[in-house]
Amino acid sequence: MKPFDVLVIGELNTDLILNKLSAFPERGREILADEMTVTLGSSSAIFASNLSVLGTRVAFLGKTGDDSSGDLLVRSLREKSVDTSYVQRDPHLSTGATVVLNYGEDRAIITFPGAMAHLTLEDIPPGSLSQARHLHFSSYFLQPGIQKDIPALFSQARQLGLSTSLDPQLDPADKWDMDLEHILPFTDIFFPNESELLRLTKTNSLNEALNFLEKFETISVVKQGAKGSTVCTNGSFRFLESYRNTKVVDTIGAGDSFAAGFIHEFLKGSPIALCQKVGNVMGAVSTTGPGGTTAFVGADYIFELAHRQFGFSYENLRIG
């Protein structure tokens, strides 16, 4: 048996989250926030942390500075039983950070990439891929040091027998220049949200974008926020409504939590329809706490919360 189910390669940064703002930020005006949270951030790390809590064996490979923020990130991952042996601490770099300003269902985000921008293919130790069953990569546009090598990385993973998943996330430059033609042939599961997918495929509707993806043998899983999600596989589309949380704390990491739930079931060999349902559930659970990971304190707690707040049980999901 391999030591890990999933190797996550990606970015690491802290999140400074300000909630309950008195108004949305405006130039030249000071506003107040009633709540502040400093926590583990970044799509890759939130995914890894929450996936580990669900019971999947996870290792993380990324780069931080050798500073207090890096200490916080490594400690946070370890507290959620994520193996951090492959996390590199560079004393010449600073750990990245993101400031999130939440106002109602709107938010503004400012990110300092720091060490995450310096991760390269050469930083991946020989033999590390063979230690896992699945490879996940996230935040393509925040990691310029490794972008051009993603096709080669995913191809190597496939040759070693790993399944693969990719979550592109936002492009701060708004250029959306991603080599889908060479990446998706080696990608088993593609996790864009609807807005990202339209920009990446240069299309104007979800149907048009999904039709574009049909030429690839990829399971395309489109996250659609409060609406739910759509899965495209073998030329068929399946939309599933979300589990609505009427008391959303914030939506940070909801998409990453969705992906964690999906991959958790996928690696158990569950039908894709069940993977999608558990993904929707985990996305909803994430919104019950601040930041992307605070709601994920243990598998038993998660499913008890899901039953109490959303009215379902794990058994019902399996037969639904």
# chains A, B, ... in the order shown; residues from 1 in each chain; ligands from 1
>>> select_by_dssp(residues="region 156-296 of chain A", states="helix (DSSP H, G or I)", output="VMD selection string")
chain A and resid 156 to 159 180 to 186 194 to 201 206 to 213 225 to 227 254 to 266 272 to 286
>>> residues_around(residues="His92 (chain A)", least_positions_apart="3", cutoff="10 Å", atoms="only C-alpha atoms", output="PyMOL selection string")
chain A and resi 64-67+89+115
>>> write_last_selection(atoms="N, CA and C atoms", output="PDB file, in the first residue's frame")
ATOM      1  N   THR A  64       7.187  27.702   1.427  1.00  0.00           N
ATOM      2  CA  THR A  64       6.924  28.878   2.257  1.00  0.00           C
ATOM      3  C   THR A  64       8.249  29.547   2.597  1.00  0.00           C
ATOM      4  N   GLY A  65       8.159  30.708   3.204  1.00  0.00           N
ATOM      5  CA  GLY A  65       9.342  31.305   3.792  1.00  0.00           C
ATOM      6  C   GLY A  65       9.640  30.639   5.120  1.00  0.00           C
ATOM      7  N   ASP A  66      10.831  30.866   5.610  1.00  0.00           N
ATOM      8  CA  ASP A  66      11.207  30.351   6.939  1.00  0.00           C
ATOM      9  C   ASP A  66      10.858  31.432   7.956  1.00  0.00           C
ATOM     10  N   ASP A  67       9.561  31.652   8.149  1.00  0.00           N
ATOM     11  CA  ASP A  67       9.080  32.747   8.980  1.00  0.00           C
ATOM     12  C   ASP A  67       7.878  32.301   9.808  1.00  0.00           C
ATOM     13  N   ARG A  89      10.957  25.120   3.203  1.00  0.00           N
ATOM     14  CA  ARG A  89      11.040  26.408   3.888  1.00  0.00           C
ATOM     15  C   ARG A  89      12.273  27.150   3.391  1.00  0.00           C
ATOM     16  N   ALA A 115       6.467  33.164  -1.482  1.00  0.00           N
ATOM     17  CA  ALA A 115       7.195  31.948  -1.849  1.00  0.00           C
ATOM     18  C   ALA A 115       6.451  31.084  -2.852  1.00  0.00           C
TER      19      ALA A 115
END
>>> select_by_dssp(residues="region 12-139 of chain A", states="strand (DSSP E or B)", output="ChimeraX atom specification")
/A:13-21,33-41,58-61,63-65,83,88-90,96-103,106-112,132-138
>>> closest_atom_pairs(of="region 71-171 of chain A", to="region 256-269 of chain A", cutoff="12 Å", atoms="only C-alpha atoms", output="JSON lines")
{"residue": "A:Ala132", "atom": "CA", "partner": "A:Leu267", "partner_atom": "CA", "distance": 11.4}
{"residue": "A:Arg133", "atom": "CA", "partner": "A:Leu267", "partner_atom": "CA", "distance": 8.4}
{"residue": "A:His134", "atom": "CA", "partner": "A:Leu267", "partner_atom": "CA", "distance": 8.1}
{"residue": "A:Leu135", "atom": "CA", "partner": "A:Ile263", "partner_atom": "CA", "distance": 10.4}
{"residue": "A:His136", "atom": "CA", "partner": "A:Ile263", "partner_atom": "CA", "distance": 9.3}
{"residue": "A:Phe137", "atom": "CA", "partner": "A:Ala259", "partner_atom": "CA", "distance": 11.3}
{"residue": "A:Ser138", "atom": "CA", "partner": "A:Asp256", "partner_atom": "CA", "distance": 9.2}
{"residue": "A:Ser139", "atom": "CA", "partner": "A:Asp256", "partner_atom": "CA", "distance": 10.7}
{"residue": "A:Leu162", "atom": "CA", "partner": "A:Leu267", "partner_atom": "CA", "distance": 10.8}
{"residue": "A:Ser163", "atom": "CA", "partner": "A:Leu267", "partner_atom": "CA", "distance": 9.1}
{"residue": "A:Thr164", "atom": "CA", "partner": "A:Ile263", "partner_atom": "CA", "distance": 9.9}
{"residue": "A:Ser165", "atom": "CA", "partner": "A:Ile263", "partner_atom": "CA", "distance": 8.6}
{"residue": "A:Leu166", "atom": "CA", "partner": "A:Ala259", "partner_atom": "CA", "distance": 9.7}
{"residue": "A:Asp167", "atom": "CA", "partner": "A:Ala259", "partner_atom": "CA", "distance": 8.4}
{"residue": "A:Pro168", "atom": "CA", "partner": "A:Asp256", "partner_atom": "CA", "distance": 11.0}
{"residue": "A:Gln169", "atom": "CA", "partner": "A:Asp256", "partner_atom": "CA", "distance": 9.7}
>>> closest_atom_pairs(of="region 216-304 of chain A", to="region 73-81 of chain A", cutoff="9 Å", atoms="only C-alpha atoms", output="Markdown table")
| residue | atom | partner | partner_atom | distance |
| --- | --- | --- | --- | --- |
| A:Phe296 | CA | A:Lys80 | CA | 9.0 |
| A:Val297 | CA | A:Lys80 | CA | 8.1 |
| A:Gly298 | CA | A:Lys80 | CA | 8.8 |
>>> write_last_selection(atoms="all heavy atoms", output="PDB file, in the first residue's frame")
ATOM      1  N   PHE A 296     -14.191  22.286   9.485  1.00  0.00           N
ATOM      2  CA  PHE A 296     -13.763  20.897   9.350  1.00  0.00           C
ATOM      3  C   PHE A 296     -12.907  20.494  10.548  1.00  0.00           C
ATOM      4  O   PHE A 296     -11.685  20.550  10.504  1.00  0.00           O
ATOM      5  CB  PHE A 296     -13.000  20.717   8.040  1.00  0.00           C
ATOM      6  CG  PHE A 296     -13.870  20.677   6.822  1.00  0.00           C
ATOM      7  CD1 PHE A 296     -14.492  21.826   6.363  1.00  0.00           C
ATOM      8  CD2 PHE A 296     -14.101  19.489   6.153  1.00  0.00           C
ATOM      9  CE1 PHE A 296     -15.320  21.803   5.252  1.00  0.00           C
ATOM     10  CE2 PHE A 296     -14.923  19.451   5.033  1.00  0.00           C
ATOM     11  CZ  PHE A 296     -15.547  20.609   4.587  1.00  0.00           C
ATOM     12  N   VAL A 297     -13.586  20.079  11.609  1.00  0.00           N
ATOM     13  CA  VAL A 297     -12.874  19.727  12.837  1.00  0.00           C
ATOM     14  C   VAL A 297     -12.819  18.220  13.056  1.00  0.00           C
ATOM     15  O   VAL A 297     -12.121  17.746  13.949  1.00  0.00           O
ATOM     16  CB  VAL A 297     -13.498  20.423  14.059  1.00  0.00           C
ATOM     17  CG1 VAL A 297     -13.374  21.930  13.940  1.00  0.00           C
ATOM     18  CG2 VAL A 297     -14.972  20.037  14.216  1.00  0.00           C
ATOM     19  N   GLY A 298     -13.544  17.463  12.279  1.00  0.00           N
ATOM     20  CA  GLY A 298     -13.549  16.009  12.393  1.00  0.00           C
ATOM     21  C   GLY A 298     -14.663  15.437  11.546  1.00  0.00           C
ATOM     22  O   GLY A 298     -15.712  16.066  11.382  1.00  0.00           O
TER      23      GLY A 298
END
>>> closest_residue(among="A:Asp83, A:Asp188, A:Asp90, A:Asp15", to="Phe112 (chain A)", atoms="only C-alpha atoms")
A:Asp15
>>> residues_around(residues="Asp179 (chain A)", least_positions_apart="2", cutoff="12 Å", atoms="only C-alpha atoms", output="VMD selection string")
chain A and resid 140 to 141 147 to 152 168 176 to 177 181 to 186 200 to 201
>>> write_last_selection(atoms="N, CA and C atoms", output="PDB file, in the first residue's frame")
ATOM      1  N   TYR A 140      -3.338  27.534 -10.577  1.00  0.00           N
ATOM      2  CA  TYR A 140      -2.396  27.565 -11.699  1.00  0.00           C
ATOM      3  C   TYR A 140      -1.795  28.948 -11.912  1.00  0.00           C
ATOM      4  N   PHE A 141      -2.607  29.985 -11.846  1.00  0.00           N
ATOM      5  CA  PHE A 141      -2.154  31.323 -12.226  1.00  0.00           C
ATOM      6  C   PHE A 141      -1.328  32.011 -11.143  1.00  0.00           C
ATOM      7  N   GLN A 147       4.031  26.613 -13.981  1.00  0.00           N
ATOM      8  CA  GLN A 147       2.949  26.564 -14.971  1.00  0.00           C
ATOM      9  C   GLN A 147       3.304  25.761 -16.214  1.00  0.00           C
ATOM     10  N   LYS A 148       4.428  26.098 -16.831  1.00  0.00           N
ATOM     11  CA  LYS A 148       4.779  25.482 -18.113  1.00  0.00           C
ATOM     12  C   LYS A 148       5.041  23.990 -17.987  1.00  0.00           C
ATOM     13  N   ASP A 149       5.274  23.507 -16.769  1.00  0.00           N
ATOM     14  CA  ASP A 149       5.627  22.108 -16.566  1.00  0.00           C
ATOM     15  C   ASP A 149       4.454  21.251 -16.099  1.00  0.00           C
ATOM     16  N   ILE A 150       3.270  21.824 -15.985  1.00  0.00           N
ATOM     17  CA  ILE A 150       2.122  21.043 -15.526  1.00  0.00           C
ATOM     18  C   ILE A 150       1.809  19.880 -16.477  1.00  0.00           C
ATOM     19  N   PRO A 151       1.824  20.078 -17.816  1.00  0.00           N
ATOM     20  CA  PRO A 151       1.593  18.911 -18.678  1.00  0.00           C
ATOM     21  C   PRO A 151       2.578  17.778 -18.419  1.00  0.00           C
ATOM     22  N   ALA A 152       3.848  18.102 -18.261  1.00  0.00           N
ATOM     23  CA  ALA A 152       4.869  17.078 -18.017  1.00  0.00           C
ATOM     24  C   ALA A 152       4.652  16.419 -16.652  1.00  0.00           C
ATOM     25  N   PRO A 168      -8.200  25.209 -11.457  1.00  0.00           N
ATOM     26  CA  PRO A 168      -7.434  26.339 -11.998  1.00  0.00           C
ATOM     27  C   PRO A 168      -7.442  27.583 -11.127  1.00  0.00           C
ATOM     28  N   TRP A 176      -6.147  34.545 -18.591  1.00  0.00           N
ATOM     29  CA  TRP A 176      -6.691  33.196 -18.728  1.00  0.00           C
ATOM     30  C   TRP A 176      -5.981  32.391 -19.814  1.00  0.00           C
ATOM     31  N   ASP A 177      -4.678  32.524 -19.837  1.00  0.00           N
ATOM     32  CA  ASP A 177      -3.861  31.807 -20.804  1.00  0.00           C
ATOM     33  C   ASP A 177      -3.389  30.504 -20.168  1.00  0.00           C
ATOM     34  N   GLU A 181      -5.206  22.333 -23.990  1.00  0.00           N
ATOM     35  CA  GLU A 181      -5.021  21.302 -25.005  1.00  0.00           C
ATOM     36  C   GLU A 181      -3.940  20.290 -24.615  1.00  0.00           C
ATOM     37  N   HIS A 182      -2.971  20.734 -23.811  1.00  0.00           N
ATOM     38  CA  HIS A 182      -1.901  19.827 -23.410  1.00  0.00           C
ATOM     39  C   HIS A 182      -2.022  19.360 -21.962  1.00  0.00           C
ATOM     40  N   ILE A 183      -2.839  20.032 -21.159  1.00  0.00           N
ATOM     41  CA  ILE A 183      -3.011  19.640 -19.756  1.00  0.00           C
ATOM     42  C   ILE A 183      -4.158  18.647 -19.586  1.00  0.00           C
ATOM     43  N   LEU A 184      -5.310  18.928 -20.180  1.00  0.00           N
ATOM     44  CA  LEU A 184      -6.489  18.105 -19.938  1.00  0.00           C
ATOM     45  C   LEU A 184      -6.356  16.654 -20.415  1.00  0.00           C
ATOM     46  N   PRO A 185      -5.580  16.354 -21.451  1.00  0.00           N
ATOM     47  CA  PRO A 185      -5.420  14.939 -21.808  1.00  0.00           C
ATOM     48  C   PRO A 185      -4.813  14.089 -20.692  1.00  0.00           C
ATOM     49  N   PHE A 186      -4.143  14.732 -19.736  1.00  0.00           N
ATOM     50  CA  PHE A 186      -3.541  14.007 -18.614  1.00  0.00           C
ATOM     51  C   PHE A 186      -4.280  14.288 -17.299  1.00  0.00           C
ATOM     52  N   LEU A 200     -11.672  30.446 -19.482  1.00  0.00           N
ATOM     53  CA  LEU A 200     -10.639  29.537 -19.978  1.00  0.00           C
ATOM     54  C   LEU A 200     -10.947  29.013 -21.372  1.00  0.00           C
ATOM     55  N   THR A 201     -12.226  28.787 -21.651  1.00  0.00           N
ATOM     56  CA  THR A 201     -12.616  28.224 -22.947  1.00  0.00           C
ATOM     57  C   THR A 201     -13.007  29.292 -23.960  1.00  0.00           C
TER      58      THR A 201
END
>>> closest_atom_pairs(of="region 55-129 of chain A", to="region 232-250 of chain A", cutoff="12 Å", atoms="only C-alpha atoms", output="Markdown table")
| residue | atom | partner | partner_atom | distance |
| --- | --- | --- | --- | --- |
| A:Val100 | CA | A:Asp250 | CA | 10.2 |
| A:Leu101 | CA | A:Asp250 | CA | 10.2 |
| A:Asn102 | CA | A:Asp250 | CA | 7.2 |
| A:Tyr103 | CA | A:Asp250 | CA | 9.2 |
| A:Gly104 | CA | A:Asp250 | CA | 8.5 |
| A:Glu105 | CA | A:Asp250 | CA | 7.7 |
| A:Asp106 | CA | A:Asp250 | CA | 9.6 |
| A:Arg107 | CA | A:Asp250 | CA | 9.3 |
